[in-house]
Amino acid sequence: MAGKAVSKELIVEKAVELLDSDGLAAVTLRRLATELGVSAPTLYWHISGKRELLDGMAECLLRRGRTDAFDGPAEGQPWWEWLAEHARAMFETMISVRDAPQVIAGNRPTPESLTEIDVAIGVLAEAGFEPGDAQQVFFVLGGYVGGMALEWQEEAAREREGVEDPELHAAVTDAERYPHIAAAMRSGVHREPMETFLLGLDLLIRGLRSWHAERVGAASPFVSPAR
């Protein structure tokens, strides 16, 4: 880091590097000061504390997942397809960096991100959502994406650690004690994590489309017209 001036951007980038390599517990102001070769008080010239640091890290991570979808739908693209594209991009970003879901959860937007947020809410407002409802859509979608990303990472950690539970496996395949669970296990329907995420996203988007139709007084998009 010698010869490189310390800035908020540099501090946040180094924090994200530490996050990816060593996890959230390793991201401390003291560790950052050491990595950057400065004194801890120097950091406070650029960042007020851990909360501001986490918000900056969240914004940095979210920027990585931004594609052209964040500029609004492509020409002729329905709002729900755009929304699903947006959600998948964010999910892929969250699972790509260790502990990213914990950092992004509960973050507050930085002033620099408000323009993009305004554009996103505007897309749904133009589709007929009230602005407040449009904002809630993104809150709900963000909660789903973050929760699924957290589950993905925790399951991956169990696999890396080789955690096995033969007693549980025996129980869930015991048709006498747990007939419905055992039937589900026997069905052979096992989805890979991305398939599970996309299934849930499809269900969520379908629900939003139905809710939207109610809001604008339109027929449900999933009910065939009577003949």
# chains A, B, ... in the order shown; residues from 1 in each chain; ligands from 1
$ closest_atom_pairs --of "segment 58-115 of chain A" --to "segment 11-20 of chain A" --cutoff "7 Å" --atoms "only C-alpha atoms" --output "CSV"
residue,atom,partner,partner_atom,distance
A:Val97,CA,A:Asp20,CA,5.3
A:Arg98,CA,A:Asp20,CA,4.8
A:Asp99,CA,A:Leu19,CA,6.9
$ residues_around --residues "Glu130 of chain A" --least-positions-apart "4" --cutoff "12 Å" --atoms "only C-alpha atoms" --output "list in words"
Ile121, Gly122, Val123, Leu124, Ala125, Glu126, Ala134, Gln135, Gln136, Val137, Trp211, His212, Arg215 and Val216 of chain A
$ atom_distance --atom1 "atom CA of Leu208 of chain A" --atom2 "atom CA of Thr93 of chain A"
23.1 Å
$ atom_distance --atom1 "atom CA of Pro193 of chain A" --atom2 "atom CA of Leu54 of chain A"
26.9 Å
$ atom_distance --atom1 "atom CA of Ser7 of chain A" --atom2 "atom CA of Arg63 of chain A"
18.2 Å
$ closest_atom_pairs --of "segment 5-123 of chain A" --to "segment 194-204 of chain A" --cutoff "9 Å" --atoms "only C-alpha atoms" --output "CSV"
residue,atom,partner,partner_atom,distance
A:Ala84,CA,A:Leu201,CA,7.1
A:Ala87,CA,A:Leu201,CA,8.1
A:Arg88,CA,A:Leu198,CA,8.0
A:Phe91,CA,A:Phe197,CA,8.7
$ residues_around --residues "Arg51 of chain A" --least-positions-apart "5" --cutoff "12 Å" --atoms "only C-alpha atoms" --output "list in words"
Val12, Val27, Thr28, Leu29, Gly56, Met57, Ala58, Val103, Ile104, Gly106, Asn107, Arg108, Pro109 and Thr110 of chain A
$ closest_residue --among "A:Glu116, A:Ser187, A:Val145, A:Gly132" --to "Glu92 of chain A" --atoms "only C-alpha atoms"
A:Val145
$ residues_around --residues "Ala170 of chain A" --least-positions-apart "5" --cutoff "12 Å" --atoms "only C-alpha atoms" --output "tab-separated table (two decimals) with N, CA, C and O atoms, in the first residue's frame"
chain	number	residue	atom	x	y	z
A	164	GLU	N	-21.84	-34.70	8.98
A	164	GLU	CA	-22.81	-35.75	8.67
A	164	GLU	C	-23.69	-36.01	9.89
A	164	GLU	O	-23.26	-35.82	11.02
A	165	ASP	N	-24.91	-36.43	9.65
A	165	ASP	CA	-25.84	-36.71	10.74
A	165	ASP	C	-26.62	-37.96	10.40
A	165	ASP	O	-27.77	-37.90	9.94
A	175	ALA	N	-40.57	-44.27	7.38
A	175	ALA	CA	-41.94	-44.05	6.92
A	175	ALA	C	-42.99	-44.29	8.00
A	175	ALA	O	-44.09	-43.74	7.92
A	176	GLU	N	-42.67	-45.08	8.99
A	176	GLU	CA	-43.64	-45.33	10.06
A	176	GLU	C	-43.78	-44.13	10.98
A	176	GLU	O	-44.88	-43.77	11.39
A	177	ARG	N	-42.67	-43.50	11.31
A	177	ARG	CA	-42.70	-42.35	12.22
A	177	ARG	C	-43.06	-41.06	11.49
A	177	ARG	O	-43.80	-40.23	12.01
A	178	TYR	N	-42.50	-40.89	10.32
A	178	TYR	CA	-42.68	-39.63	9.59
A	178	TYR	C	-43.06	-39.94	8.14
A	178	TYR	O	-42.24	-39.79	7.22
A	181	ILE	N	-42.64	-36.97	5.45
A	181	ILE	CA	-41.23	-36.62	5.19
A	181	ILE	C	-40.57	-37.73	4.40
A	181	ILE	O	-39.84	-37.48	3.42
A	182	ALA	N	-40.82	-38.98	4.80
A	182	ALA	CA	-40.21	-40.11	4.10
A	182	ALA	C	-40.67	-40.17	2.65
A	182	ALA	O	-39.87	-40.47	1.74
A	185	MET	N	-38.78	-37.67	0.73
A	185	MET	CA	-37.40	-38.12	0.50
A	185	MET	C	-37.37	-39.17	-0.61
A	185	MET	O	-36.46	-39.18	-1.44
$ closest_residue --among "A:Gly142, A:Ala157, A:Arg30, A:Pro221" --to "Leu43 of chain A" --atoms "only C-alpha atoms"
A:Arg30
$ select_by_dssp --residues "segment 33-221 of chain A" --states "helix (DSSP H, G or I)" --output "MDAnalysis selection string"
chainID A and resid 33:36 40:43 50:64 68:71 79:96 100:104 111:126 131:161 166:172 179:186 193:216
$ closest_residue --among "A:Gln77, A:Ser48, A:Thr173, A:Ser96" --to "Ser21 of chain A" --atoms "only C-alpha atoms"
A:Ser96
$ residues_around --residues "Met90 of chain A" --least-positions-apart "5" --cutoff "12 Å" --atoms "only C-alpha atoms" --output "NGL selection string"
:A and (58-59 or 61-67 or 69-70 or 83-85 or 95-97 or 100-101 or 104 or 138 or 141-149 or 197)
$ closest_residue --among "A:Ile205, A:Leu36, A:Ala105, A:Ala26" --to "His86 of chain A" --atoms "only C-alpha atoms"
A:Ile205
